[in-house]
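Pasted below: start-v1.cif, mmCIF, N, CA and C atoms.
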data_run
#
loop_
_atom_site.label_atom_id
_atom_site.label_comp_id
_atom_site.auth_asym_id
_atom_site.auth_seq_id
_atom_site.Cartn_x
_atom_site.Cartn_y
_atom_site.Cartn_z
N MET I 869 -84.70 169.00 72.22
CA MET I 869 -84.62 169.97 71.15
C MET I 869 -85.14 169.38 69.84
N LYS I 870 -84.86 168.07 69.59
CA LYS I 870 -85.36 167.43 68.38
C LYS I 870 -86.88 167.37 68.38
N LEU I 871 -87.45 167.11 69.55
CA LEU I 871 -88.90 167.05 69.67
C LEU I 871 -89.53 168.40 69.35
N LYS I 872 -88.93 169.46 69.84
CA LYS I 872 -89.45 170.79 69.58
C LYS I 872 -89.41 171.10 68.07
N ALA I 873 -88.32 170.74 67.42
CA ALA I 873 -88.20 170.98 65.98
C ALA I 873 -89.21 170.13 65.21
N ALA I 874 -89.39 168.88 65.62
CA ALA I 874 -90.32 167.99 64.93
C ALA I 874 -91.77 168.43 65.12
N ALA I 875 -92.05 169.10 66.23
CA ALA I 875 -93.41 169.53 66.52
C ALA I 875 -93.76 170.87 65.88
N HIS I 876 -92.80 171.51 65.25
CA HIS I 876 -93.08 172.78 64.57
C HIS I 876 -94.19 172.54 63.55
N PRO I 877 -95.19 173.42 63.48
CA PRO I 877 -96.35 173.19 62.60
C PRO I 877 -95.98 172.86 61.15
N GLU I 878 -95.01 173.53 60.59
CA GLU I 878 -94.65 173.26 59.19
C GLU I 878 -94.01 171.88 59.05
N THR I 879 -93.13 171.53 59.99
CA THR I 879 -92.47 170.22 59.95
C THR I 879 -93.47 169.10 60.17
N LEU I 880 -94.30 169.26 61.19
CA LEU I 880 -95.30 168.25 61.50
C LEU I 880 -96.31 168.13 60.36
N GLY I 881 -96.75 169.26 59.82
CA GLY I 881 -97.70 169.25 58.71
C GLY I 881 -97.14 168.54 57.49
N ALA I 882 -95.88 168.79 57.17
CA ALA I 882 -95.25 168.13 56.02
C ALA I 882 -95.15 166.63 56.26
N TYR I 883 -94.81 166.24 57.48
CA TYR I 883 -94.72 164.82 57.81
C TYR I 883 -96.09 164.14 57.66
N LEU I 884 -97.13 164.76 58.23
CA LEU I 884 -98.46 164.18 58.17
C LEU I 884 -98.99 164.13 56.73
N ALA I 885 -98.69 165.15 55.94
CA ALA I 885 -99.14 165.18 54.54
C ALA I 885 -98.48 164.08 53.72
N ALA I 886 -97.29 163.67 54.10
CA ALA I 886 -96.57 162.64 53.35
C ALA I 886 -97.01 161.22 53.72
N LEU I 887 -97.76 161.06 54.81
CA LEU I 887 -98.22 159.74 55.20
C LEU I 887 -99.23 159.22 54.19
N PRO I 888 -99.24 157.91 53.96
CA PRO I 888 -100.23 157.36 53.03
C PRO I 888 -101.63 157.61 53.55
N GLN I 889 -102.51 157.99 52.67
CA GLN I 889 -103.90 158.27 53.04
C GLN I 889 -104.73 157.01 52.89
N PRO I 890 -105.64 156.75 53.83
CA PRO I 890 -106.50 155.59 53.66
C PRO I 890 -107.40 155.79 52.45
N PRO I 891 -107.51 154.79 51.59
CA PRO I 891 -108.32 154.96 50.39
C PRO I 891 -109.80 154.98 50.72
N MET I 892 -110.53 155.79 50.00
CA MET I 892 -111.98 155.77 50.10
C MET I 892 -112.45 154.66 49.17
N LYS I 893 -113.28 153.79 49.67
CA LYS I 893 -113.77 152.69 48.85
C LYS I 893 -115.08 153.10 48.19
N MET I 894 -115.12 152.91 46.91
CA MET I 894 -116.38 153.08 46.21
C MET I 894 -117.04 151.71 46.25
N GLY I 895 -118.05 151.58 47.07
CA GLY I 895 -118.68 150.29 47.26
C GLY I 895 -120.14 150.34 46.87
N HIS I 896 -120.84 149.31 47.26
CA HIS I 896 -122.26 149.23 46.95
C HIS I 896 -123.03 149.01 48.23
N GLY I 897 -124.20 149.57 48.27
CA GLY I 897 -125.09 149.31 49.38
C GLY I 897 -124.98 150.33 50.49
N PRO I 898 -125.95 150.30 51.35
CA PRO I 898 -126.02 151.27 52.44
C PRO I 898 -125.07 150.95 53.59
N VAL I 899 -124.81 151.96 54.39
CA VAL I 899 -124.02 151.84 55.62
C VAL I 899 -125.02 151.94 56.76
N THR I 900 -125.00 150.97 57.67
CA THR I 900 -125.98 150.93 58.75
C THR I 900 -125.28 151.09 60.09
N SER I 901 -125.87 151.92 60.94
CA SER I 901 -125.37 152.14 62.29
C SER I 901 -126.51 151.82 63.25
N VAL I 902 -126.24 151.00 64.27
CA VAL I 902 -127.26 150.62 65.24
C VAL I 902 -126.86 151.15 66.61
N ARG I 903 -127.79 151.85 67.25
CA ARG I 903 -127.56 152.35 68.61
C ARG I 903 -128.58 151.71 69.53
N THR I 904 -128.12 151.34 70.70
CA THR I 904 -129.04 150.70 71.65
C THR I 904 -128.91 151.37 73.01
N ALA I 905 -129.96 151.28 73.78
CA ALA I 905 -129.96 151.82 75.13
C ALA I 905 -131.03 151.09 75.94
N GLU I 906 -130.88 151.16 77.23
CA GLU I 906 -131.88 150.66 78.16
C GLU I 906 -132.51 151.87 78.83
N PHE I 907 -133.83 151.87 78.94
CA PHE I 907 -134.52 152.99 79.59
C PHE I 907 -135.76 152.48 80.28
N ARG I 908 -135.80 152.61 81.60
CA ARG I 908 -136.94 152.21 82.42
C ARG I 908 -137.44 150.80 82.09
N GLY I 909 -136.47 149.90 81.95
CA GLY I 909 -136.80 148.51 81.69
C GLY I 909 -137.08 148.19 80.23
N HIS I 910 -136.94 149.16 79.35
CA HIS I 910 -137.17 148.94 77.93
C HIS I 910 -135.84 148.96 77.19
N ARG I 911 -135.72 148.10 76.20
CA ARG I 911 -134.53 148.08 75.35
C ARG I 911 -134.86 148.83 74.07
N ILE I 912 -134.10 149.90 73.84
CA ILE I 912 -134.30 150.75 72.67
C ILE I 912 -133.24 150.41 71.63
N SER I 913 -133.64 150.30 70.39
CA SER I 913 -132.72 150.08 69.28
C SER I 913 -133.09 151.02 68.15
N VAL I 914 -132.12 151.82 67.70
CA VAL I 914 -132.34 152.75 66.59
C VAL I 914 -131.34 152.40 65.50
N THR I 915 -131.84 152.10 64.33
CA THR I 915 -130.99 151.76 63.19
C THR I 915 -131.05 152.92 62.20
N THR I 916 -129.89 153.46 61.89
CA THR I 916 -129.78 154.53 60.92
C THR I 916 -129.05 153.98 59.71
N THR I 917 -129.61 154.19 58.54
CA THR I 917 -129.01 153.68 57.31
C THR I 917 -128.67 154.85 56.39
N TYR I 918 -127.43 154.87 55.93
CA TYR I 918 -126.98 155.88 54.98
C TYR I 918 -126.63 155.19 53.68
N GLU I 919 -127.15 155.68 52.61
CA GLU I 919 -126.72 155.25 51.29
C GLU I 919 -126.15 156.49 50.63
N ILE I 920 -124.82 156.54 50.56
CA ILE I 920 -124.12 157.74 50.13
C ILE I 920 -123.64 157.55 48.70
N THR I 921 -123.93 158.54 47.87
CA THR I 921 -123.40 158.55 46.51
C THR I 921 -122.79 159.92 46.24
N VAL I 922 -121.75 159.93 45.45
CA VAL I 922 -121.14 161.16 44.94
C VAL I 922 -121.01 160.97 43.44
N ASP I 923 -121.57 161.89 42.70
CA ASP I 923 -121.57 161.80 41.23
C ASP I 923 -122.17 160.47 40.77
N GLY I 924 -123.18 160.00 41.49
CA GLY I 924 -123.87 158.78 41.12
C GLY I 924 -123.18 157.49 41.53
N LYS I 925 -122.01 157.59 42.16
CA LYS I 925 -121.26 156.40 42.58
C LYS I 925 -121.40 156.22 44.08
N HIS I 926 -121.63 154.97 44.50
CA HIS I 926 -121.75 154.68 45.93
C HIS I 926 -120.41 154.90 46.62
N VAL I 927 -120.46 155.43 47.83
CA VAL I 927 -119.27 155.66 48.64
C VAL I 927 -119.44 154.91 49.95
N ASP I 928 -118.48 154.03 50.24
CA ASP I 928 -118.46 153.30 51.51
C ASP I 928 -117.65 154.15 52.48
N ALA I 929 -118.34 154.99 53.24
CA ALA I 929 -117.65 155.95 54.10
C ALA I 929 -117.52 155.48 55.54
N GLY I 930 -118.12 154.38 55.91
CA GLY I 930 -117.98 153.87 57.27
C GLY I 930 -118.45 154.85 58.31
N MET I 931 -119.70 155.29 58.22
CA MET I 931 -120.23 156.27 59.17
C MET I 931 -120.98 155.59 60.30
N ASP I 932 -120.84 156.15 61.48
CA ASP I 932 -121.54 155.67 62.67
C ASP I 932 -122.15 156.86 63.38
N VAL I 933 -123.28 156.62 64.03
CA VAL I 933 -123.93 157.64 64.84
C VAL I 933 -123.94 157.16 66.27
N ASP I 934 -123.52 158.03 67.20
CA ASP I 934 -123.53 157.63 68.61
C ASP I 934 -124.87 157.99 69.25
N ASN I 935 -125.04 157.66 70.51
CA ASN I 935 -126.31 157.89 71.18
C ASN I 935 -126.65 159.37 71.37
N SER I 936 -125.68 160.25 71.23
CA SER I 936 -125.96 161.68 71.31
C SER I 936 -126.32 162.26 69.95
N GLY I 937 -126.26 161.43 68.90
CA GLY I 937 -126.60 161.90 67.56
C GLY I 937 -125.41 162.40 66.76
N MET I 938 -124.22 162.35 67.34
CA MET I 938 -123.03 162.79 66.62
C MET I 938 -122.60 161.71 65.64
N LEU I 939 -122.23 162.14 64.45
CA LEU I 939 -121.82 161.22 63.40
C LEU I 939 -120.31 161.21 63.31
N SER I 940 -119.73 160.03 63.16
CA SER I 940 -118.29 159.92 62.94
C SER I 940 -118.07 159.11 61.67
N CYS I 941 -116.88 159.27 61.11
CA CYS I 941 -116.56 158.62 59.84
C CYS I 941 -115.19 157.98 59.98
N HIS I 942 -115.07 156.71 59.61
CA HIS I 942 -113.81 155.98 59.78
C HIS I 942 -112.65 156.64 59.04
N GLY I 943 -112.91 157.26 57.90
CA GLY I 943 -111.85 157.91 57.14
C GLY I 943 -111.42 159.25 57.72
N LEU I 944 -112.18 159.74 58.71
CA LEU I 944 -111.89 161.03 59.35
C LEU I 944 -112.01 160.87 60.87
N PRO I 945 -111.12 160.10 61.49
CA PRO I 945 -111.30 159.75 62.90
C PRO I 945 -111.22 160.91 63.87
N ALA I 946 -110.65 162.03 63.48
CA ALA I 946 -110.52 163.16 64.40
C ALA I 946 -111.72 164.10 64.34
N TYR I 947 -112.72 163.78 63.52
CA TYR I 947 -113.87 164.66 63.33
C TYR I 947 -115.13 164.03 63.90
N GLN I 948 -116.08 164.90 64.27
CA GLN I 948 -117.45 164.49 64.55
C GLN I 948 -118.34 165.49 63.81
N PHE I 949 -119.47 165.01 63.33
CA PHE I 949 -120.34 165.82 62.50
C PHE I 949 -121.78 165.77 63.01
N LEU I 950 -122.51 166.84 62.73
CA LEU I 950 -123.94 166.86 62.98
C LEU I 950 -124.71 166.46 61.73
N SER I 951 -124.02 166.44 60.59
CA SER I 951 -124.65 166.18 59.31
C SER I 951 -123.81 165.22 58.48
N ALA I 952 -124.47 164.23 57.87
CA ALA I 952 -123.76 163.30 56.98
C ALA I 952 -123.29 164.04 55.73
N VAL I 953 -124.05 165.01 55.27
CA VAL I 953 -123.64 165.79 54.09
C VAL I 953 -122.34 166.54 54.39
N ASP I 954 -122.25 167.13 55.58
CA ASP I 954 -121.00 167.81 55.96
C ASP I 954 -119.83 166.83 56.00
N ALA I 955 -120.06 165.62 56.49
CA ALA I 955 -119.00 164.61 56.54
C ALA I 955 -118.52 164.28 55.12
N VAL I 956 -119.44 164.13 54.18
CA VAL I 956 -119.06 163.81 52.80
C VAL I 956 -118.31 164.98 52.18
N ARG I 957 -118.69 166.21 52.50
CA ARG I 957 -117.95 167.38 52.00
C ARG I 957 -116.50 167.34 52.48
N VAL I 958 -116.29 167.00 53.75
CA VAL I 958 -114.93 166.92 54.29
C VAL I 958 -114.18 165.75 53.65
N LEU I 959 -114.86 164.63 53.41
CA LEU I 959 -114.21 163.52 52.72
C LEU I 959 -113.72 163.94 51.33
N ILE I 960 -114.55 164.67 50.60
CA ILE I 960 -114.16 165.13 49.26
C ILE I 960 -112.95 166.06 49.34
N ASN I 961 -112.95 166.95 50.33
CA ASN I 961 -111.80 167.86 50.50
C ASN I 961 -110.55 167.13 50.94
N THR I 962 -110.71 166.10 51.79
CA THR I 962 -109.56 165.40 52.35
C THR I 962 -108.97 164.38 51.37
N TYR I 963 -109.82 163.73 50.58
CA TYR I 963 -109.40 162.69 49.65
C TYR I 963 -109.82 163.04 48.22
N PRO I 964 -109.36 164.16 47.68
CA PRO I 964 -109.84 164.58 46.35
C PRO I 964 -109.55 163.55 45.25
N ASP I 965 -108.46 162.81 45.35
CA ASP I 965 -108.15 161.83 44.32
C ASP I 965 -109.19 160.71 44.23
N ALA I 966 -109.84 160.40 45.35
CA ALA I 966 -110.85 159.36 45.35
C ALA I 966 -112.14 159.83 44.68
N PHE I 967 -112.26 161.14 44.47
CA PHE I 967 -113.49 161.69 43.92
C PHE I 967 -113.27 162.39 42.59
N LYS I 968 -112.18 162.06 41.91
CA LYS I 968 -111.91 162.66 40.61
C LYS I 968 -113.00 162.28 39.62
N ALA I 969 -113.32 163.21 38.74
CA ALA I 969 -114.34 162.94 37.71
C ALA I 969 -113.91 161.75 36.88
N GLY I 970 -114.82 160.84 36.66
CA GLY I 970 -114.54 159.65 35.87
C GLY I 970 -113.79 158.57 36.64
N GLY I 971 -113.43 158.85 37.94
CA GLY I 971 -112.65 157.87 38.70
C GLY I 971 -113.46 156.91 39.47
#

Let me see the structure of the file written as structure tokens.
Amino acid sequence: MKLKAAAHPETLGAYLAALPQPPMKMGHGPVTSVRTAEFRGHRISVTTTYEITVDGKHVDAGMDVDNSGMLSCHGLPAYQFLSAVDAVRVLINTYPDAFKAGG
């Protein structure tokens, strides 16, 4: 019975909202993701580099691209994206304090 009460969407949502949020780091430099594969005796390596800024400030978002082209972000582990811009939009919505004007 306790499990059922704890799993109620409002109770669970309030619990999750109260958990400490991982901070978004405003860092410098690009984020690089390397994907490799073997194909017909050839070794393929694709390096994707993202240099993300919001309001002119660099954002270290920890993005990776898998071999299917899906993008993931360390700050949003439950999401996958087709677009890095969409990922940054979700980061801004999820961590608004990290993106405050002048912050």

From the set I:Gly909, I:Glu878, I:Val899, I:Thr904, which residue has the shortest atom-to-atom contact distance to I:Cys941, counting only C-alpha atoms?
I:Val899

According to DSSP computed on the backbone, where in chain I is there strand (DSSP E)? Give the residues as a PyMOL selection string.
chain I and resi 899-907+910-918+921-922+925-926+931-933+939-941+944-949

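Taking atom CA of I:Thr962 and atom N of I:His942 as the two end points, the separation is 12.6 Å.
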
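Atom CA of I:Lys968 is found 12.6 Å from atom CA of I:Gly924.
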
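Considering the residues I:Ala886, I:Ala952, I:Ala875, I:Leu944 and counting only C-alpha atoms, I:Thr917 has its shortest atom-to-atom contact with I:Ala952.
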
Taking all listed atoms of stretch 873-876 of chain I, build the axis-aligned box, pad each of the six sides by 6 Å, then write its centre and edge lengths in Å to one decimal as lines of an AutoDock Vina configuration file.
center_x = -91.2
center_y = 170.4
center_z = 65.5
size_x = 18.0
size_y = 16.8
size_z = 15.9

Evaluate the PyMOL selection byres (((chain I and resi 943 and name CA) around 12) and name CA) here and jot the selected residues down as a PDB file with N, CA and C atoms, in the frame of the given file.
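Final output, saved to expr07.pdb:
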ATOM      1  N   GLN I 889    -102.510 157.990  52.670  1.00  0.00           N
ATOM      2  CA  GLN I 889    -103.900 158.270  53.040  1.00  0.00           C
ATOM      3  C   GLN I 889    -104.730 157.010  52.890  1.00  0.00           C
ATOM      4  N   PRO I 890    -105.640 156.750  53.830  1.00  0.00           N
ATOM      5  CA  PRO I 890    -106.500 155.590  53.660  1.00  0.00           C
ATOM      6  C   PRO I 890    -107.400 155.790  52.450  1.00  0.00           C
ATOM      7  N   PRO I 891    -107.510 154.790  51.590  1.00  0.00           N
ATOM      8  CA  PRO I 891    -108.320 154.960  50.390  1.00  0.00           C
ATOM      9  C   PRO I 891    -109.800 154.980  50.720  1.00  0.00           C
ATOM     10  N   MET I 892    -110.530 155.790  50.000  1.00  0.00           N
ATOM     11  CA  MET I 892    -111.980 155.770  50.100  1.00  0.00           C
ATOM     12  C   MET I 892    -112.450 154.660  49.170  1.00  0.00           C
ATOM     13  N   LYS I 893    -113.280 153.790  49.670  1.00  0.00           N
ATOM     14  CA  LYS I 893    -113.770 152.690  48.850  1.00  0.00           C
ATOM     15  C   LYS I 893    -115.080 153.100  48.190  1.00  0.00           C
ATOM     16  N   VAL I 927    -120.460 155.430  47.830  1.00  0.00           N
ATOM     17  CA  VAL I 927    -119.270 155.660  48.640  1.00  0.00           C
ATOM     18  C   VAL I 927    -119.440 154.910  49.950  1.00  0.00           C
ATOM     19  N   ASP I 928    -118.480 154.030  50.240  1.00  0.00           N
ATOM     20  CA  ASP I 928    -118.460 153.300  51.510  1.00  0.00           C
ATOM     21  C   ASP I 928    -117.650 154.150  52.480  1.00  0.00           C
ATOM     22  N   ALA I 929    -118.340 154.990  53.240  1.00  0.00           N
ATOM     23  CA  ALA I 929    -117.650 155.950  54.100  1.00  0.00           C
ATOM     24  C   ALA I 929    -117.520 155.480  55.540  1.00  0.00           C
ATOM     25  N   GLY I 930    -118.120 154.380  55.910  1.00  0.00           N
ATOM     26  CA  GLY I 930    -117.980 153.870  57.270  1.00  0.00           C
ATOM     27  C   GLY I 930    -118.450 154.850  58.310  1.00  0.00           C
ATOM     28  N   MET I 931    -119.700 155.290  58.220  1.00  0.00           N
ATOM     29  CA  MET I 931    -120.230 156.270  59.170  1.00  0.00           C
ATOM     30  C   MET I 931    -120.980 155.590  60.300  1.00  0.00           C
ATOM     31  N   ASP I 932    -120.840 156.150  61.480  1.00  0.00           N
ATOM     32  CA  ASP I 932    -121.540 155.670  62.670  1.00  0.00           C
ATOM     33  C   ASP I 932    -122.150 156.860  63.380  1.00  0.00           C
ATOM     34  N   SER I 940    -119.730 160.030  63.160  1.00  0.00           N
ATOM     35  CA  SER I 940    -118.290 159.920  62.940  1.00  0.00           C
ATOM     36  C   SER I 940    -118.070 159.110  61.670  1.00  0.00           C
ATOM     37  N   CYS I 941    -116.880 159.270  61.110  1.00  0.00           N
ATOM     38  CA  CYS I 941    -116.560 158.620  59.840  1.00  0.00           C
ATOM     39  C   CYS I 941    -115.190 157.980  59.980  1.00  0.00           C
ATOM     40  N   HIS I 942    -115.070 156.710  59.610  1.00  0.00           N
ATOM     41  CA  HIS I 942    -113.810 155.980  59.780  1.00  0.00           C
ATOM     42  C   HIS I 942    -112.650 156.640  59.040  1.00  0.00           C
ATOM     43  N   LEU I 944    -112.180 159.740  58.710  1.00  0.00           N
ATOM     44  CA  LEU I 944    -111.890 161.030  59.350  1.00  0.00           C
ATOM     45  C   LEU I 944    -112.010 160.870  60.870  1.00  0.00           C
ATOM     46  N   PRO I 945    -111.120 160.100  61.490  1.00  0.00           N
ATOM     47  CA  PRO I 945    -111.300 159.750  62.900  1.00  0.00           C
ATOM     48  C   PRO I 945    -111.220 160.910  63.870  1.00  0.00           C
ATOM     49  N   ALA I 946    -110.650 162.030  63.480  1.00  0.00           N
ATOM     50  CA  ALA I 946    -110.520 163.160  64.400  1.00  0.00           C
ATOM     51  C   ALA I 946    -111.720 164.100  64.340  1.00  0.00           C
ATOM     52  N   TYR I 947    -112.720 163.780  63.520  1.00  0.00           N
ATOM     53  CA  TYR I 947    -113.870 164.660  63.330  1.00  0.00           C
ATOM     54  C   TYR I 947    -115.130 164.030  63.900  1.00  0.00           C
ATOM     55  N   GLN I 948    -116.080 164.900  64.270  1.00  0.00           N
ATOM     56  CA  GLN I 948    -117.450 164.490  64.550  1.00  0.00           C
ATOM     57  C   GLN I 948    -118.340 165.490  63.810  1.00  0.00           C
ATOM     58  N   ALA I 955    -120.060 165.620  56.490  1.00  0.00           N
ATOM     59  CA  ALA I 955    -119.000 164.610  56.540  1.00  0.00           C
ATOM     60  C   ALA I 955    -118.520 164.280  55.120  1.00  0.00           C
ATOM     61  N   VAL I 956    -119.440 164.130  54.180  1.00  0.00           N
ATOM     62  CA  VAL I 956    -119.060 163.810  52.800  1.00  0.00           C
ATOM     63  C   VAL I 956    -118.310 164.980  52.180  1.00  0.00           C
ATOM     64  N   VAL I 958    -116.290 167.000  53.750  1.00  0.00           N
ATOM     65  CA  VAL I 958    -114.930 166.920  54.290  1.00  0.00           C
ATOM     66  C   VAL I 958    -114.180 165.750  53.650  1.00  0.00           C
ATOM     67  N   LEU I 959    -114.860 164.630  53.410  1.00  0.00           N
ATOM     68  CA  LEU I 959    -114.210 163.520  52.720  1.00  0.00           C
ATOM     69  C   LEU I 959    -113.720 163.940  51.330  1.00  0.00           C
ATOM     70  N   ILE I 960    -114.550 164.670  50.600  1.00  0.00           N
ATOM     71  CA  ILE I 960    -114.160 165.130  49.260  1.00  0.00           C
ATOM     72  C   ILE I 960    -112.950 166.060  49.340  1.00  0.00           C
ATOM     73  N   ASN I 961    -112.950 166.950  50.330  1.00  0.00           N
ATOM     74  CA  ASN I 961    -111.800 167.860  50.500  1.00  0.00           C
ATOM     75  C   ASN I 961    -110.550 167.130  50.940  1.00  0.00           C
ATOM     76  N   THR I 962    -110.710 166.100  51.790  1.00  0.00           N
ATOM     77  CA  THR I 962    -109.560 165.400  52.350  1.00  0.00           C
ATOM     78  C   THR I 962    -108.970 164.380  51.370  1.00  0.00           C
ATOM     79  N   TYR I 963    -109.820 163.730  50.580  1.00  0.00           N
ATOM     80  CA  TYR I 963    -109.400 162.690  49.650  1.00  0.00           C
ATOM     81  C   TYR I 963    -109.820 163.040  48.220  1.00  0.00           C
ATOM     82  N   ALA I 966    -109.840 160.400  45.350  1.00  0.00           N
ATOM     83  CA  ALA I 966    -110.850 159.360  45.350  1.00  0.00           C
ATOM     84  C   ALA I 966    -112.140 159.830  44.680  1.00  0.00           C
TER      85      ALA I 966
END

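Across the structure, atom CA of I:Glu919 and atom C of I:Arg903 are spaced 18.7 Å apart.
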